[in-house]
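A short write-up of the structure that comes next.
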Amino acid sequence: MAADGRRPVTGQSGRIDRRPLGRTGRTVSALGLGMAAIGRPGYLNLEHGDDLSGRTAPADLEAHAFELLDAAWDAGISYIDAARSYGRAEAYLASWLEVRGLNAHAARPTIGSKWGYAYVGGWRTDTEVHEVKDLSADQLARQYGESRAMLGDRLDLLQIHSATVESGVLEDATVLDRLRTIRADGTPVGITTTGPDQATTIRRALEVSVDGAPLFDTVQATWNLLEPSAQPALAEACDTGMAVIVKEALANGRLAGRDDAVGRRLTAADPDLTPDQVGLGAALAQPWVTVVLSGATTLDQLRSNLGGLTPAARSAGSELATTGELTEQATTYWANRSSLAWT
C-alpha cells in the first residue's frame, strides 16, 4: 500500500492489441485514454457536469483521475493523452506515475501531450473563455518547458494543439526549427487537427520535412461516424509511416447514447452493444488507425468503452462507417460542436 493509502499498480491485466506508434519506437494499446475531461472542472462533453457530480475541487478531481488511470492501466491501456490546456492533467498524471512507481521507460504508459492552448478558465465552468490559442514560438518554448518540468523524460510525444493551415504554424520557420531540435533531442513530434478542413492541414503537415525526411511522427484528428471527412488524408498519413491517433470518436457524447435518436441507430444491428461501443468500434476497425482515445469521465464509461474492442463492436461500427448513414456535412458537424456548452 502506498503512503497515501492508494494501492500500487504492478502491471496490466487486460488484453488489448498493441501497435507501433509510427516511427517513435514505442508500442501502444489500440485504445488510449484522453484526459481532456478529467484535468479541469469543465469540458464540452454532453452532461459532463453530471458525470463529475460535484467532484471538481482540485484534490477531488485528482483522486478521480487516479481512479480512471488505475482502471485504464489495469485494463491494458498504455497510451495516455494530455495537454497544457487540460488544467492539471499533466500534474495529475505525473503524480499518479510517481505514486504507482511507473517510471521505468519500458514499464509505464506512453504519454503524449500538446502545446498551443493555455487554460484560462480559473477552475470554473461558468467562465466565458476556457482556453486561449497561441501557436507562436514563444508559446512553444514556454509550454514545452512546462511539460518537461512536469513530466521529465516521461514525455514521449509533443504535438501541436489544433494546427490549422490558417494559423500559419506549419509555415513558421522558428516553430519548425524548434520542433526539429526537440525531435533531434529524442522527443517525437506530431500535430493535432480540428475543424472542417482537417484533411488540408494533414496533407500540408505531410509536406514538412527535415533533411529530406518527414518532421512529424504522428497526427491526431477527429474522426467519427458523424464526421469522417479526414479519412482519406489520415490513410495517406498512415501510408507514410505516421501514427494516427483518433480523438472525439464519440463526438463529445453524441455517439455515447446521449442523443437518443442517434443511439437507437447505433445499436439497431446489435442491441447487446451500447452506442459508445459501436462508435469506438467503428474507429478501431479502420486499418489506418493506431490509437483511438477514450474520453471517459467516469469508471462506468471507461468500462463500457472497453467493449468497443470486441469483434462485435468493430463489425457493427465498421458497417455503419461503410454505409455512411450517420455522416453529416463537415461544416454542419463543426458548427454543432462549437455550440456545445462547457459544463
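Just remember, in the C-alpha cells the first chain shown is A, the second B, etc., residues are 1-based per chain, and ligands are 1-based in the order shown.
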
At most 10 Å is the cut-off: for each residue in range 47-98 of chain A with any atom that close to an atom of range 140-144 of chain A, write down the nearest atom pair and the distance in Å rounded to one decimal, counting only C-alpha atoms, chain first then increasing number, as a tab-separated table.
residue	atom	partner	partner_atom	distance
A:Ala83	CA	A:Gln143	CA	9.5
A:Arg84	CA	A:Gln143	CA	6.8
A:Ser85	CA	A:Gln143	CA	9.6

Writing out the chosen residues with C-alpha atoms as a short mmCIF file (atom, residue, chain, number, x, y, z; two decimals), in the first residue's frame:
data_model
loop_
_atom_site.label_atom_id
_atom_site.label_comp_id
_atom_site.auth_asym_id
_atom_site.auth_seq_id
_atom_site.Cartn_x
_atom_site.Cartn_y
_atom_site.Cartn_z
CA ALA A 83 -2.18 18.81 -22.96
CA ARG A 84 -1.01 22.01 -21.33
CA SER A 85 -4.57 23.33 -21.62
#

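Using only C-alpha atoms, the protein and nucleic acid residues lying no more than 9 Å from Leu151 in chain A, apart from those fewer than 2 places from it along its own chain, are Glu90, Ala91, Leu93, Ala94, Glu146, Ser147, Arg148, Ala149, Asp153, Arg154 and Leu155 of chain A.
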
Mind writing the picked residues with N, CA and C atoms as a compact mmCIF listing (two decimals), in the first residue's frame?
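Saved as out-v4.txt:
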# COMPACT_ATOMS: atom_id res chain seq x y z
N GLU A 90 -1.55 17.18 -16.63
CA GLU A 90 -0.16 16.73 -16.58
C GLU A 90 0.31 16.54 -15.14
N ALA A 91 -0.12 17.43 -14.24
CA ALA A 91 0.28 17.31 -12.83
C ALA A 91 -0.32 16.04 -12.23
N LEU A 93 -1.20 13.35 -13.81
CA LEU A 93 -0.54 12.21 -14.45
C LEU A 93 0.84 11.99 -13.85
N ALA A 94 1.59 13.06 -13.67
CA ALA A 94 2.93 12.94 -13.08
C ALA A 94 2.85 12.38 -11.66
N GLU A 146 7.29 23.77 -19.59
CA GLU A 146 6.37 23.41 -18.52
C GLU A 146 6.06 21.91 -18.53
N SER A 147 5.84 21.36 -19.70
CA SER A 147 5.57 19.93 -19.79
C SER A 147 6.77 19.11 -19.34
N ARG A 148 7.95 19.53 -19.74
CA ARG A 148 9.17 18.83 -19.32
C ARG A 148 9.36 18.92 -17.81
N ALA A 149 9.09 20.10 -17.24
CA ALA A 149 9.23 20.25 -15.80
C ALA A 149 8.26 19.34 -15.06
N ASP A 153 11.46 13.02 -18.39
CA ASP A 153 11.70 12.19 -19.57
C ASP A 153 10.55 11.23 -19.85
N ARG A 154 9.45 11.39 -19.13
CA ARG A 154 8.26 10.57 -19.40
C ARG A 154 7.37 11.21 -20.46
N LEU A 155 7.77 12.36 -20.99
CA LEU A 155 7.07 12.95 -22.12
C LEU A 155 7.56 12.27 -23.40

Exercise for the section: Tell me, as a PyMOL selection string, which residues lie within 9 Å of range 238-249 of chain A, counting only C-alpha atoms; anything in the same chain fewer than 6 positions away does not count. Expected result: chain A and resi 20-24+32+34+190+192+206+214+216-225+255+276+279-280+282-284+288-295

Requested write-out: C-alpha atoms of the selected residues, as a short mmCIF file (atom, residue, chain, number, x, y, z; two decimals), in the first residue's frame:
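Full text of out_33.cif as output:
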data_model
loop_
_atom_site.label_atom_id
_atom_site.label_comp_id
_atom_site.auth_asym_id
_atom_site.auth_seq_id
_atom_site.Cartn_x
_atom_site.Cartn_y
_atom_site.Cartn_z
CA PRO A 20 3.71 0.52 -33.15
CA LEU A 21 3.28 4.26 -32.59
CA GLY A 22 4.51 5.11 -36.05
CA ARG A 23 8.20 5.98 -36.18
CA THR A 24 8.51 6.77 -32.46
CA GLY A 32 -5.93 5.07 -25.25
CA GLY A 34 -7.60 11.09 -23.12
CA GLY A 190 3.25 15.47 -34.11
CA THR A 192 -3.44 17.51 -33.86
CA LEU A 206 2.97 15.67 -44.65
CA PRO A 214 9.22 13.92 -42.58
CA PHE A 216 6.02 14.86 -37.89
CA ASP A 217 5.75 11.36 -36.46
CA THR A 218 2.05 11.38 -35.53
CA VAL A 219 -1.25 13.01 -36.39
CA GLN A 220 -4.20 13.20 -34.01
CA ALA A 221 -7.50 14.08 -35.64
CA THR A 222 -11.23 13.99 -35.10
CA TRP A 223 -12.83 11.05 -36.85
CA ASN A 224 -16.21 9.55 -36.01
CA LEU A 225 -19.33 8.19 -37.65
CA LEU A 255 -22.34 8.89 -30.08
CA ASP A 276 -20.36 4.10 -27.29
CA GLY A 279 -18.89 4.33 -32.06
CA LEU A 280 -15.49 3.32 -30.75
CA ALA A 282 -16.07 1.93 -35.88
CA ALA A 283 -12.83 3.84 -35.28
CA LEU A 284 -10.93 0.82 -34.01
CA TRP A 288 -5.15 3.21 -40.81
CA VAL A 289 -5.76 3.84 -37.09
CA THR A 290 -3.07 3.34 -34.46
CA VAL A 291 -4.83 4.54 -31.30
CA VAL A 292 -8.42 5.55 -30.55
CA LEU A 293 -8.82 7.73 -27.48
CA SER A 294 -11.47 7.08 -24.88
CA GLY A 295 -12.56 10.37 -23.40
#

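The smallest atom-to-atom distance between Thr56 in chain A and any of A:Ala313, A:Ala37, A:Ala118, A:Ala213, using only C-alpha atoms, is found for A:Ala37.
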
Problem - Tyr119 in chain A environment, 10 Å, only C-alpha atoms, sequence neighbours closer than 5 positions dropped, as a ChimeraX atom specification - result: /A:40,83-88,129-133

Residues from last step as file, C-alpha atoms, as a compact mmCIF listing (two decimals), in the first residue's frame:
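Output saved as out.txt:
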# COMPACT_ATOMS: atom_id res chain seq x y z
CA ARG A 40 -10.21 20.58 -15.15
CA ALA A 83 -2.18 18.81 -22.96
CA ARG A 84 -1.01 22.01 -21.33
CA SER A 85 -4.57 23.33 -21.62
CA TYR A 86 -6.15 20.38 -19.80
CA GLY A 87 -5.95 22.16 -16.46
CA ARG A 88 -3.95 19.99 -14.06
CA VAL A 129 -13.30 31.76 -22.03
CA HIS A 130 -11.75 28.44 -21.03
CA GLU A 131 -8.78 28.24 -23.40
CA VAL A 132 -6.67 30.70 -25.40
CA LYS A 133 -4.86 29.54 -28.52

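One distance worth recording is that between CA of Trp96 in chain A and CA of Ala256 in chain A, which is 27.5 Å.
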
Handout entry: Filtered DSSP result for range 17-182 of chain A, state helix (DSSP H, G or I), as a PyMOL selection string
Key = chain A and resi 48-52+58-75+89-100+105-107+137-154+169-171+173-182

Exercise for the section: Write out as a PyMOL selection string each polymer residue whose atoms come within 12 Å of Ala59 in chain A, counting only C-alpha atoms; drop sequence neighbours fewer than 3 positions from it. Expected result: chain A and resi 38-41+55-56+62-66+88+91-92+95

Restricting it to C-alpha atoms, dump the selection as a compact mmCIF listing (two decimals), in the first residue's frame.
# COMPACT_ATOMS: atom_id res chain seq x y z
CA ILE A 38 -10.66 14.91 -16.11
CA GLY A 39 -7.96 17.56 -15.77
CA ARG A 40 -10.21 20.58 -15.15
CA PRO A 41 -13.74 21.09 -13.84
CA ARG A 55 -16.10 16.28 -7.73
CA THR A 56 -14.37 19.33 -9.15
CA GLU A 62 -7.07 14.34 -8.73
CA ALA A 63 -8.43 11.37 -6.78
CA HIS A 64 -10.97 10.78 -9.53
CA ALA A 65 -8.24 10.97 -12.20
CA PHE A 66 -6.20 8.42 -10.24
CA ARG A 88 -3.95 19.99 -14.06
CA ALA A 91 0.28 17.31 -12.83
CA TYR A 92 -2.23 14.56 -12.00
CA SER A 95 1.70 12.37 -9.51

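The space between CA of Leu250 in chain A and CA of Arg18 in chain A spans 21.3 Å.
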
Exercise for the section: For CA of Thr127 in chain A and CA of Thr343 in chain A, determine how far apart the two atoms are, in Å to one decimal place. Expected result: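 Rounded to one decimal, the two atoms are 10.2 Å apart.
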
Practice task
Compile the contact shell of range 169-183 of chain A as a PyMOL selection string: residues with an atom at most 7 Å away, counting only C-alpha atoms, same-chain residues fewer than 3 positions apart removed.
Solution key: chain A and resi 135-137+163+165+186-189+205+215

Problem - Given only C-alpha atoms as the counted atoms, nearest of A:Ala296, A:Leu52, A:Ala285, A:Ala82 to Ile111 in chain A - result: A:Ala82

Handout entry: Those in range 51-249 of chain A with strand (DSSP E or B) from DSSP, as a PyMOL selection string
Key = chain A and resi 79-81+110-115+117-119+131-133+157-163+189-193+209-210+213-214+218-222+243-247

Could you please take those selected residues and save N, CA and C atoms as a tab-separated table (two decimals), in the first residue's frame?
chain	number	residue	atom	x	y	z
A	79	TYR	N	-1.59	4.04	-23.59
A	79	TYR	CA	-1.34	5.37	-24.16
A	79	TYR	C	-2.23	6.38	-23.45
A	80	ILE	N	-1.62	7.45	-22.93
A	80	ILE	CA	-2.34	8.50	-22.22
A	80	ILE	C	-2.11	9.81	-22.93
A	81	ASP	N	-3.20	10.55	-23.16
A	81	ASP	CA	-3.15	11.81	-23.90
A	81	ASP	C	-3.47	12.98	-22.97
A	110	THR	N	2.83	5.10	-22.42
A	110	THR	CA	3.37	6.12	-23.32
A	110	THR	C	2.53	7.37	-23.16
A	111	ILE	N	3.18	8.52	-23.05
A	111	ILE	CA	2.47	9.76	-22.75
A	111	ILE	C	2.68	10.77	-23.87
A	112	GLY	N	1.57	11.24	-24.42
A	112	GLY	CA	1.62	12.33	-25.38
A	112	GLY	C	1.00	13.57	-24.79
A	113	SER	N	1.59	14.72	-25.07
A	113	SER	CA	0.99	15.97	-24.63
A	113	SER	C	1.01	16.96	-25.77
A	114	LYS	N	0.45	18.15	-25.53
A	114	LYS	CA	0.28	19.12	-26.60
A	114	LYS	C	0.59	20.53	-26.10
A	115	TRP	N	1.07	21.36	-27.01
A	115	TRP	CA	1.29	22.77	-26.71
A	115	TRP	C	0.48	23.61	-27.69
A	117	TYR	N	-2.41	25.75	-26.62
A	117	TYR	CA	-3.53	26.36	-25.90
A	117	TYR	C	-3.12	26.54	-24.44
A	118	ALA	N	-3.59	27.61	-23.84
A	118	ALA	CA	-3.41	27.83	-22.41
A	118	ALA	C	-4.77	27.79	-21.73
A	119	TYR	N	-4.83	27.11	-20.59
A	119	TYR	CA	-6.07	27.06	-19.82
A	119	TYR	C	-6.21	28.35	-19.02
A	131	GLU	N	-10.08	28.47	-22.80
A	131	GLU	CA	-8.78	28.24	-23.40
A	131	GLU	C	-8.44	29.40	-24.34
A	132	VAL	N	-7.15	29.69	-24.44
A	132	VAL	CA	-6.67	30.70	-25.40
A	132	VAL	C	-5.60	30.04	-26.26
A	133	LYS	N	-5.77	30.17	-27.57
A	133	LYS	CA	-4.86	29.54	-28.52
A	133	LYS	C	-3.73	30.48	-28.90
A	157	LEU	N	5.83	12.21	-26.49
A	157	LEU	CA	5.35	12.78	-27.74
A	157	LEU	C	4.87	14.20	-27.48
A	158	LEU	N	5.33	15.14	-28.28
A	158	LEU	CA	4.90	16.53	-28.18
A	158	LEU	C	4.17	16.91	-29.47
A	159	GLN	N	2.93	17.39	-29.34
A	159	GLN	CA	2.11	17.68	-30.51
A	159	GLN	C	1.68	19.14	-30.54
A	160	ILE	N	1.57	19.68	-31.75
A	160	ILE	CA	0.94	21.00	-31.92
A	160	ILE	C	-0.55	20.82	-31.66
A	161	HIS	N	-1.11	21.65	-30.81
A	161	HIS	CA	-2.51	21.52	-30.43
A	161	HIS	C	-3.40	22.26	-31.44
A	162	SER	N	-4.17	21.49	-32.18
A	162	SER	CA	-5.12	22.04	-33.15
A	162	SER	C	-4.46	22.92	-34.20
A	163	ALA	N	-3.50	22.35	-34.89
A	163	ALA	CA	-2.89	23.05	-36.03
A	163	ALA	C	-3.93	23.24	-37.12
A	189	VAL	N	7.63	14.36	-32.44
A	189	VAL	CA	6.68	15.47	-32.54
A	189	VAL	C	5.56	15.12	-33.50
A	190	GLY	N	4.40	15.72	-33.27
A	190	GLY	CA	3.25	15.47	-34.11
A	190	GLY	C	2.33	16.67	-34.15
A	191	ILE	N	1.20	16.51	-34.82
A	191	ILE	CA	0.19	17.56	-34.87
A	191	ILE	C	-1.15	16.98	-34.46
A	192	THR	N	-2.02	17.84	-33.97
A	192	THR	CA	-3.44	17.51	-33.86
A	192	THR	C	-4.19	18.51	-34.73
A	193	THR	N	-5.36	18.11	-35.19
A	193	THR	CA	-6.11	18.95	-36.12
A	193	THR	C	-7.53	19.14	-35.63
A	209	SER	N	9.35	18.69	-43.90
A	209	SER	CA	10.42	17.71	-43.76
A	209	SER	C	11.67	18.36	-43.16
A	210	VAL	N	12.57	17.53	-42.71
A	210	VAL	CA	13.87	17.96	-42.22
A	210	VAL	C	14.91	17.03	-42.82
A	213	ALA	N	13.53	14.14	-44.72
A	213	ALA	CA	12.67	13.16	-44.03
A	213	ALA	C	11.51	13.90	-43.37
A	214	PRO	N	10.36	13.25	-43.20
A	214	PRO	CA	9.22	13.92	-42.58
A	214	PRO	C	9.54	14.38	-41.16
A	218	THR	N	3.42	11.78	-35.84
A	218	THR	CA	2.05	11.38	-35.53
A	218	THR	C	1.08	12.48	-35.97
A	219	VAL	N	-0.16	12.07	-36.18
A	219	VAL	CA	-1.25	13.01	-36.39
A	219	VAL	C	-2.43	12.55	-35.55
A	220	GLN	N	-3.00	13.48	-34.81
A	220	GLN	CA	-4.20	13.20	-34.01
A	220	GLN	C	-5.33	14.04	-34.58
A	221	ALA	N	-6.42	13.38	-34.97
A	221	ALA	CA	-7.50	14.08	-35.64
A	221	ALA	C	-8.85	13.56	-35.17
A	222	THR	N	-9.86	14.41	-35.35
A	222	THR	CA	-11.23	13.99	-35.10
A	222	THR	C	-11.71	13.11	-36.24
A	243	ALA	N	1.93	7.63	-37.20
A	243	ALA	CA	0.89	7.04	-36.36
A	243	ALA	C	-0.33	7.93	-36.43
A	244	VAL	N	-1.51	7.32	-36.46
A	244	VAL	CA	-2.77	8.06	-36.50
A	244	VAL	C	-3.51	7.83	-35.19
A	245	ILE	N	-3.76	8.91	-34.48
A	245	ILE	CA	-4.49	8.88	-33.21
A	245	ILE	C	-5.84	9.53	-33.43
A	246	VAL	N	-6.90	8.81	-33.13
A	246	VAL	CA	-8.25	9.33	-33.32
A	246	VAL	C	-8.77	9.89	-32.01
A	247	LYS	N	-9.22	11.15	-32.05
A	247	LYS	CA	-9.86	11.79	-30.91
A	247	LYS	C	-11.33	12.02	-31.24

Handout entry: Distance query Arg314 in chain A at most 7 Å, only C-alpha atoms, self and fewer than 3 positions along chain excluded, as a ChimeraX atom specification
Key = /A:278,281-282,284-285,308-311,317-318

Grab the residues selected above and save them as an mmCIF file, in the first residue's frame with N, CA and C atoms.
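As a result, result26.cif now contains:
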data_model
loop_
_atom_site.group_PDB
_atom_site.id
_atom_site.type_symbol
_atom_site.label_atom_id
_atom_site.label_comp_id
_atom_site.auth_asym_id
_atom_site.auth_seq_id
_atom_site.Cartn_x
_atom_site.Cartn_y
_atom_site.Cartn_z
ATOM 1 N N VAL A 278 -20.253 0.829 -30.199
ATOM 2 C CA VAL A 278 -20.326 0.830 -31.661
ATOM 3 C C VAL A 278 -19.516 1.996 -32.228
ATOM 4 N N GLY A 281 -15.934 1.156 -31.753
ATOM 5 C CA GLY A 281 -15.629 0.019 -32.620
ATOM 6 C C GLY A 281 -15.434 0.440 -34.062
ATOM 7 N N ALA A 282 -16.211 1.433 -34.507
ATOM 8 C CA ALA A 282 -16.072 1.928 -35.880
ATOM 9 C C ALA A 282 -14.681 2.487 -36.112
ATOM 10 N N LEU A 284 -11.923 1.864 -34.216
ATOM 11 C CA LEU A 284 -10.926 0.818 -34.005
ATOM 12 C C LEU A 284 -10.829 -0.128 -35.201
ATOM 13 N N ALA A 285 -11.886 -0.215 -35.989
ATOM 14 C CA ALA A 285 -11.893 -1.121 -37.140
ATOM 15 C C ALA A 285 -11.165 -0.558 -38.357
ATOM 16 N N GLY A 308 -15.768 -1.567 -26.866
ATOM 17 C CA GLY A 308 -15.583 -1.217 -28.262
ATOM 18 C C GLY A 308 -14.493 -2.015 -28.936
ATOM 19 N N LEU A 309 -13.682 -2.697 -28.141
ATOM 20 C CA LEU A 309 -12.594 -3.515 -28.680
ATOM 21 C C LEU A 309 -13.072 -4.870 -29.188
ATOM 22 N N THR A 310 -14.290 -5.260 -28.882
ATOM 23 C CA THR A 310 -14.761 -6.590 -29.242
ATOM 24 C C THR A 310 -15.007 -6.708 -30.744
ATOM 25 N N PRO A 311 -14.902 -7.903 -31.286
ATOM 26 C CA PRO A 311 -15.200 -8.088 -32.709
ATOM 27 C C PRO A 311 -16.613 -7.636 -33.079
ATOM 28 N N GLY A 317 -19.728 -1.250 -35.979
ATOM 29 C CA GLY A 317 -19.259 0.095 -36.277
ATOM 30 C C GLY A 317 -18.734 0.225 -37.686
ATOM 31 N N SER A 318 -18.007 -0.798 -38.142
ATOM 32 C CA SER A 318 -17.452 -0.776 -39.491
ATOM 33 C C SER A 318 -18.554 -0.729 -40.545
#

Handout entry: Nearest residue to Ser167 in chain A from the set A:Asp134, A:Asp51, A:Asp126, A:Asp270 (distances using only C-alpha atoms)
Key =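 Once distances to Ser167 in chain A are computed over only C-alpha atoms, the minimum belongs to A:Asp134.
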
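Considering only C-alpha atoms, the residue among A:Ala30, A:Ala330, A:Ala261, A:Ala36 positioned nearest to Ala199 in chain A is A:Ala330.
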
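The shortest atom-to-atom distance to Ile16 in chain A, with only C-alpha atoms taken into account, belongs to A:Ala75 out of A:Ala251, A:Ala89, A:Ala75, A:Ala107.
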